[in-house]
>>> print(open('query03.cif').read())   # mmCIF, C-alpha atoms
data_final
#
loop_
_atom_site.label_atom_id
_atom_site.label_comp_id
_atom_site.auth_asym_id
_atom_site.auth_seq_id
_atom_site.Cartn_x
_atom_site.Cartn_y
_atom_site.Cartn_z
CA GLN K 70 359.04 143.14 20.08
CA LEU K 71 356.34 142.99 22.72
CA CYS K 72 353.70 143.44 20.03
CA LEU K 73 355.31 140.71 17.94
CA LEU K 74 355.49 138.34 20.93
CA SER K 75 351.88 139.11 21.80
CA GLY K 76 350.83 138.35 18.23
CA VAL K 77 352.67 135.01 18.21
CA LEU K 78 351.13 133.97 21.55
CA HIS K 79 347.70 134.98 20.32
CA SER K 80 348.19 132.94 17.14
CA ARG K 81 349.30 129.86 19.09
CA LEU K 82 346.39 130.17 21.50
CA ALA K 83 343.94 130.50 18.63
CA TYR K 84 345.49 127.47 16.91
CA ARG K 85 345.17 125.35 20.07
CA MET K 86 341.54 126.38 20.51
CA GLN K 87 340.83 125.45 16.89
CA THR K 88 342.60 122.11 17.33
CA ARG K 89 340.62 121.29 20.45
CA GLY K 90 337.38 122.30 18.78
CA ARG K 91 338.22 120.16 15.76
CA SER K 92 338.99 117.21 18.06
CA CYS K 93 335.64 117.59 19.81
CA ARG K 94 333.85 117.80 16.48
CA SER K 95 335.75 114.75 15.27
CA CYS K 96 334.80 112.86 18.42
CA ARG K 97 331.15 113.78 17.97
CA GLY K 98 331.42 112.86 14.28
CA ASP K 99 332.84 109.44 15.10
CA ARG K 100 330.12 108.81 17.65
CA CYS K 101 327.41 109.85 15.22
CA THR K 102 328.94 107.64 12.55
CA LEU K 103 329.05 104.62 14.88
CA ALA K 104 325.46 105.28 15.95
CA ALA K 105 324.37 105.47 12.29
CA GLN K 106 326.16 102.22 11.47
CA VAL K 107 324.59 100.41 14.43
CA TRP K 108 321.20 101.87 13.45
CA ALA K 109 321.60 100.74 9.83
CA ILE K 110 322.38 97.15 10.82
CA GLY K 111 320.25 96.92 13.95
CA ALA K 112 317.06 98.01 12.19
CA TRP K 113 317.25 95.10 9.73
CA VAL K 114 318.16 92.65 12.48
CA ALA K 115 315.08 93.79 14.43
CA ILE K 116 312.82 93.48 11.36
CA PHE K 117 314.07 89.98 10.58
CA ALA K 118 313.86 88.90 14.22
CA ASP K 119 310.22 90.05 14.39
CA SER K 120 309.42 88.10 11.21
CA ILE K 121 311.13 84.98 12.56
CA ILE K 122 309.12 85.11 15.78
CA SER K 123 305.79 85.68 14.02
CA LEU K 124 306.32 82.96 11.38
CA SER K 125 307.64 80.39 13.84
CA VAL K 126 304.19 79.95 15.36
CA ASN K 127 302.74 78.43 12.19
CA ALA K 128 305.98 76.80 11.06
CA ILE K 129 306.11 74.36 13.99
CA VAL K 130 302.44 73.31 13.85
CA PRO K 131 303.21 70.01 12.03
CA LEU K 132 305.89 69.25 14.60
CA GLN K 133 303.38 69.81 17.37
CA LYS K 134 300.48 67.87 15.85
CA GLN K 135 302.53 65.04 14.30
CA ASN K 136 299.66 64.36 11.87
CA LEU K 137 301.43 64.32 8.48
CA THR K 138 301.74 61.35 6.17
CA ALA K 139 305.15 60.08 5.15
CA TRP K 140 305.03 61.90 1.80
CA GLN K 141 303.88 65.09 3.48
CA TRP K 142 306.84 64.90 5.85
CA VAL K 143 309.14 64.47 2.88
CA GLY K 144 307.59 67.50 1.19
CA TYR K 145 307.81 69.51 4.40
CA VAL K 146 311.52 68.78 4.79
CA VAL K 147 312.35 69.32 1.10
CA ILE K 148 310.51 72.66 0.95
CA THR K 149 312.03 73.84 4.22
CA LEU K 150 315.60 72.93 3.28
CA GLY K 151 315.16 74.25 -0.26
CA ILE K 152 314.06 77.68 0.95
CA TRP K 153 316.85 77.69 3.54
CA LEU K 154 319.48 76.98 0.87
CA PHE K 155 318.04 79.46 -1.64
CA GLU K 156 317.19 82.25 0.78
CA GLY K 157 319.53 81.80 3.73
CA VAL K 158 322.71 80.58 2.08
CA GLY K 159 322.31 81.86 -1.46
CA ALA K 160 320.50 85.18 -1.12
CA PHE K 161 321.57 86.25 2.36
CA GLN K 162 324.97 84.77 3.21
CA ARG K 163 326.43 85.25 -0.28
CA GLY K 164 324.63 88.44 -1.23
CA PHE K 165 322.45 90.63 0.94
CA SER K 166 324.17 90.17 4.32
CA PRO K 167 327.75 91.11 3.28
CA MET K 168 326.43 93.85 0.99
CA LEU K 169 324.40 95.36 3.84
CA VAL K 170 327.37 95.42 6.20
CA ARG K 171 329.81 96.62 3.52
CA ARG K 172 327.60 99.57 2.59
CA THR K 173 327.28 100.38 6.29
CA ARG K 174 331.04 101.04 6.26
CA GLU K 175 330.34 103.90 3.83
CA LEU K 176 328.40 105.78 6.52
CA SER K 177 331.09 108.18 7.72
CA PRO K 178 331.56 111.80 8.83
CA ALA K 179 331.66 112.61 5.11
CA SER K 180 328.11 111.29 4.61
CA PRO K 181 325.23 113.78 4.34
CA TRP K 182 322.81 113.85 7.24
CA TRP K 183 320.01 112.13 5.33
CA GLU K 184 322.17 109.07 4.68
CA LEU K 185 322.94 108.80 8.39
CA LEU K 186 319.27 109.25 9.26
CA LEU K 187 318.10 106.76 6.61
CA GLY K 188 320.95 104.37 7.35
CA PRO K 189 318.91 101.14 6.98
CA ALA K 190 317.65 102.15 3.54
CA PHE K 191 321.13 103.28 2.48
CA ALA K 192 322.73 100.04 3.68
CA ALA K 193 320.13 97.98 1.80
CA GLY K 194 320.94 99.80 -1.45
CA LEU K 195 317.56 101.54 -1.78
CA PHE K 196 319.27 104.82 -2.74
CA ALA K 197 322.77 106.19 -3.39
CA ALA K 198 323.70 103.03 -5.30
CA LYS K 199 324.46 101.84 -8.81
CA PRO K 200 321.40 101.31 -11.05
CA CYS K 201 321.78 97.53 -10.93
CA ARG K 202 321.83 97.57 -7.12
CA LEU K 203 318.81 99.88 -7.01
CA VAL K 204 316.83 97.54 -9.27
CA LYS K 205 317.69 94.46 -7.20
CA SER K 206 316.89 96.12 -3.88
CA TRP K 207 313.60 97.66 -4.99
CA LEU K 208 312.47 94.46 -6.71
CA LEU K 209 313.05 92.64 -3.44
CA ILE K 210 311.07 95.19 -1.44
CA ALA K 211 308.31 95.95 -3.95
CA ILE K 212 307.67 92.55 -5.57
CA LEU K 213 309.13 89.56 -3.74
CA VAL K 214 308.10 90.45 -0.19
CA PRO K 215 304.52 91.55 -1.08
CA GLY K 216 304.20 88.53 -3.39
CA LEU K 217 305.02 86.11 -0.58
CA ALA K 218 302.74 87.98 1.81
CA LEU K 219 299.81 87.67 -0.62
CA THR K 220 300.31 84.07 -1.78
CA VAL K 221 301.66 82.09 1.17
CA PRO K 222 298.67 82.64 3.51
CA HIS K 223 296.40 80.95 0.92
CA LEU K 224 298.46 77.73 0.78
CA PRO K 225 296.76 74.70 2.35
CA TYR K 226 298.09 72.87 5.36
CA PRO K 227 300.85 71.67 5.72
CA TRP K 228 302.47 73.52 2.80
CA ARG K 229 302.08 76.95 4.33
CA SER K 230 303.81 75.64 7.44
CA ALA K 231 306.59 74.23 5.27
CA VAL K 232 307.12 77.56 3.53
CA ASP K 233 307.05 79.40 6.86
CA ALA K 234 309.58 76.97 8.30
CA GLY K 235 311.89 77.53 5.35
CA VAL K 236 311.57 81.30 5.64
CA VAL K 237 312.29 81.10 9.38
CA LEU K 238 315.46 79.09 8.75
CA GLY K 239 316.50 81.37 5.88
CA LEU K 240 315.91 84.58 7.81
CA GLY K 241 317.60 83.13 10.87
CA TRP K 242 320.64 82.11 8.84
CA GLY K 243 320.78 85.47 7.09
CA THR K 244 320.39 87.42 10.33
CA ALA K 245 323.20 85.41 11.92
CA ALA K 246 325.37 86.18 8.88
CA ILE K 247 324.62 89.91 9.23
CA LEU K 248 325.60 89.84 12.91
CA ILE K 249 328.83 87.96 12.22
CA PHE K 250 329.84 90.33 9.39
CA ALA K 251 328.89 93.32 11.56
CA VAL K 252 330.95 92.17 14.56
CA ARG K 253 333.98 91.57 12.33
CA GLY K 254 333.64 94.99 10.77
CA LEU K 255 332.67 97.17 13.73
CA LEU K 256 334.95 95.56 16.32
CA HIS K 257 337.87 94.25 14.27
CA GLY K 258 337.82 96.38 11.11
CA ARG K 259 337.41 93.31 8.89
CA TRP K 260 334.69 94.44 6.49
CA PRO K 261 333.36 92.19 3.71
CA GLU K 262 335.64 92.31 0.68
CA MET K 263 333.12 93.34 -1.93
CA SER K 264 332.04 96.45 -3.77
CA PRO K 265 329.53 98.70 -1.95
CA GLU K 266 328.04 99.48 -5.38
CA LEU K 267 328.08 103.24 -4.87
CA PRO K 268 327.31 105.67 -7.70
CA ALA K 269 330.19 106.12 -10.11
CA ALA K 270 330.91 109.71 -9.03
CA ARG K 271 331.25 108.83 -5.35
CA ALA K 272 334.52 107.75 -3.71
CA GLU K 273 334.55 104.61 -1.60
CA TRP K 274 335.99 104.30 1.90
CA PRO K 275 338.84 104.81 2.77
CA GLU K 276 339.37 107.34 -0.04
CA ALA K 277 336.36 109.40 1.08
CA LYS K 278 337.56 109.29 4.69
CA ASP K 279 341.09 110.40 3.72
CA SER K 280 339.85 113.32 1.64
CA VAL K 281 337.70 114.61 4.50
CA ALA K 282 340.58 114.27 6.95
CA LEU K 283 342.91 116.22 4.66
CA SER K 284 340.41 119.03 4.15
CA ARG K 285 339.87 119.32 7.90
CA ALA K 286 343.61 119.31 8.58
CA ASP K 287 344.29 122.06 6.04
CA ALA K 288 341.63 124.44 7.39
CA PRO K 289 343.28 125.50 10.71
CA LEU K 290 346.71 125.82 9.09
CA ALA K 291 345.32 128.22 6.54
CA GLY K 292 343.72 130.25 9.31
CA LEU K 293 346.99 130.31 11.27
CA GLU K 294 348.90 131.64 8.28
CA VAL K 295 346.42 134.47 7.94
CA GLU K 296 346.69 135.35 11.63
CA VAL K 297 350.52 135.35 11.63
CA ALA K 298 350.57 137.47 8.51
#
>>> encode(input="query03.cif", output="structure tokens")
Amino acid sequence: QLCLLSGVLHSRLAYRMQTRGRSCRSCRGDRCTLAAQVWAIGAWVAIFADSIISLSVNAIVPLQKQNLTAWQWVGYVVITLGIWLFEGVGAFQRGFSPMLVRRTRELSPASPWWELLLGPAFAAGLFAAKPCRLVKSWLLIAILVPGLALTVPHLPYPWRSAVDAGVVLGLGWGTAAILIFAVRGLLHGRWPEMSPELPAARAEWPEAKDSVALSRADAPLAGLEVEVA
């Protein structure tokens, strides 16, 4: 009886130690996940903020000099508002911004370490995404951005300033949308209701989260059964 009682106490002590260890690992996993999510979103916010600051210098030159003709002012306003509507409202608010934040939700304790490390690229759909998403994301990075960087600087005054002003408004609007979606998701659990466009073989959150939780919960019970036996 003493041997049996000793074995039961030993099994319970081992189970409690495993439970505490699992809780600590879970806590560290949650912290790492939150850090990866903040990193994925914050990196893009920092990149866009830097672009806004650098482009604003040339964008406000016509406002400072006040030397445009009436038709040039009309062109300046039309170009600026057109880029804002196309880039800020159309491309960012309705597409890139919610997609970026929604894919950030997929960074979880179940994610491999390289996805957590390369969180900004994962969130932007540059890898671990459906083929259509990969094409869109890489076209944006490899063609659209370099194309603007090569062509816009050669535009004459005031049209370069008009394009820069439109890009500043568009990036500012899109960055604000990212921050709003991120606050809703990270603080209130209200993530954008859209597909994260993951590969077909990969489960989306919360299914991936639930499967990991079940596998972790089953592990110590199996070990306890072996010890009692």
>>> atom_distance(input="query03.cif", atom1="CA of Ile121 (chain K)", atom2="CA of Val232 (chain K)")
12.4 Å
>>> closest_residue(input="query03.cif", among="K:Val204, K:Gly157, K:Gly188, K:Ala211", to="Phe117 (chain K)", atoms="all atoms listed in the file")
K:Gly157
>>> residues_around(input="query03.cif", residues="Lys134 (chain K)", least_positions_apart="4", cutoff="12 Å", atoms="all atoms listed in the file", output="short mmCIF file (atom, residue, chain, number, x, y, z; two decimals) with C-alpha atoms, in the frame of the given file")
data_model
loop_
_atom_site.label_atom_id
_atom_site.label_comp_id
_atom_site.auth_asym_id
_atom_site.auth_seq_id
_atom_site.Cartn_x
_atom_site.Cartn_y
_atom_site.Cartn_z
CA ASN K 127 302.74 78.43 12.19
CA ALA K 128 305.98 76.80 11.06
CA ILE K 129 306.11 74.36 13.99
CA VAL K 130 302.44 73.31 13.85
CA THR K 138 301.74 61.35 6.17
CA TYR K 226 298.09 72.87 5.36
CA PRO K 227 300.85 71.67 5.72
CA SER K 230 303.81 75.64 7.44
#
>>> closest_residue(input="query03.cif", among="K:Arg259, K:Leu248, K:Gly241, K:Leu103", to="Val158 (chain K)", atoms="all atoms listed in the file")
K:Gly241
>>> atom_distance(input="query03.cif", atom1="CA of Gly194 (chain K)", atom2="CA of Arg172 (chain K)")
7.8 Å
>>> closest_residue(input="query03.cif", among="K:Ala192, K:Ile212, K:Ala231, K:Ala118", to="Gly144 (chain K)", atoms="all atoms listed in the file")
K:Ala231
>>> resolve_selection(input="query03.cif", expression="the PyMOL selection byres ((chain K and resi 151) around 12)", output="list in words")
Val143, Gly144, Tyr145, Val146, Val147, Ile148, Thr149, Leu150, Ile152, Trp153, Leu154, Phe155, Glu156, Gly157, Val158, Gly159, Ala231, Val232, Asp233, Ala234, Gly235, Val236, Leu238 and Gly239 of chain K
>>> residues_around(input="query03.cif", residues="Leu187 (chain K)", least_positions_apart="3", cutoff="9 Å", atoms="all atoms listed in the file", output="list in words")
Ala105, Trp108, Ala109, Trp182, Trp183, Glu184, Ala190, Phe191 and Ala192 of chain K
>>> atom_distance(input="query03.cif", atom1="CA of Pro265 (chain K)", atom2="CA of Gly164 (chain K)")
11.4 Å
>>> closest_residue(input="query03.cif", among="K:Leu137, K:Val126, K:Leu224, K:Ala269", to="Ala197 (chain K)", atoms="all atoms listed in the file")
K:Ala269
>>> resolve_selection(input="query03.cif", expression="the PyMOL selection byres ((chain K and resi 255) around 10)", output="list of chain:residue names")
K:Leu103, K:Gln106, K:Val107, K:Val170, K:Thr173, K:Arg174, K:Phe250, K:Ala251, K:Val252, K:Arg253, K:Gly254, K:Leu256, K:His257, K:Gly258, K:Arg259, K:Trp260
>>> closest_residue(input="query03.cif", among="K:Ala246, K:Ala112, K:Ile122, K:Leu267", to="Pro200 (chain K)", atoms="all atoms listed in the file")
K:Leu267
>>> residues_around(input="query03.cif", residues="Ser166 (chain K)", least_positions_apart="5", cutoff="7 Å", atoms="only C-alpha atoms", output="compact mmCIF listing (two decimals) with C-alpha atoms, keeping the file's coordinate frame")
# COMPACT_ATOMS: atom_id res chain seq x y z
CA PHE K 161 321.57 86.25 2.36
CA GLY K 243 320.78 85.47 7.09
CA ALA K 246 325.37 86.18 8.88
CA ILE K 247 324.62 89.91 9.23
>>> closest_residue(input="query03.cif", among="K:Val221, K:Pro215, K:Glu175, K:Thr244", to="Arg271 (chain K)", atoms="only C-alpha atoms")
K:Glu175
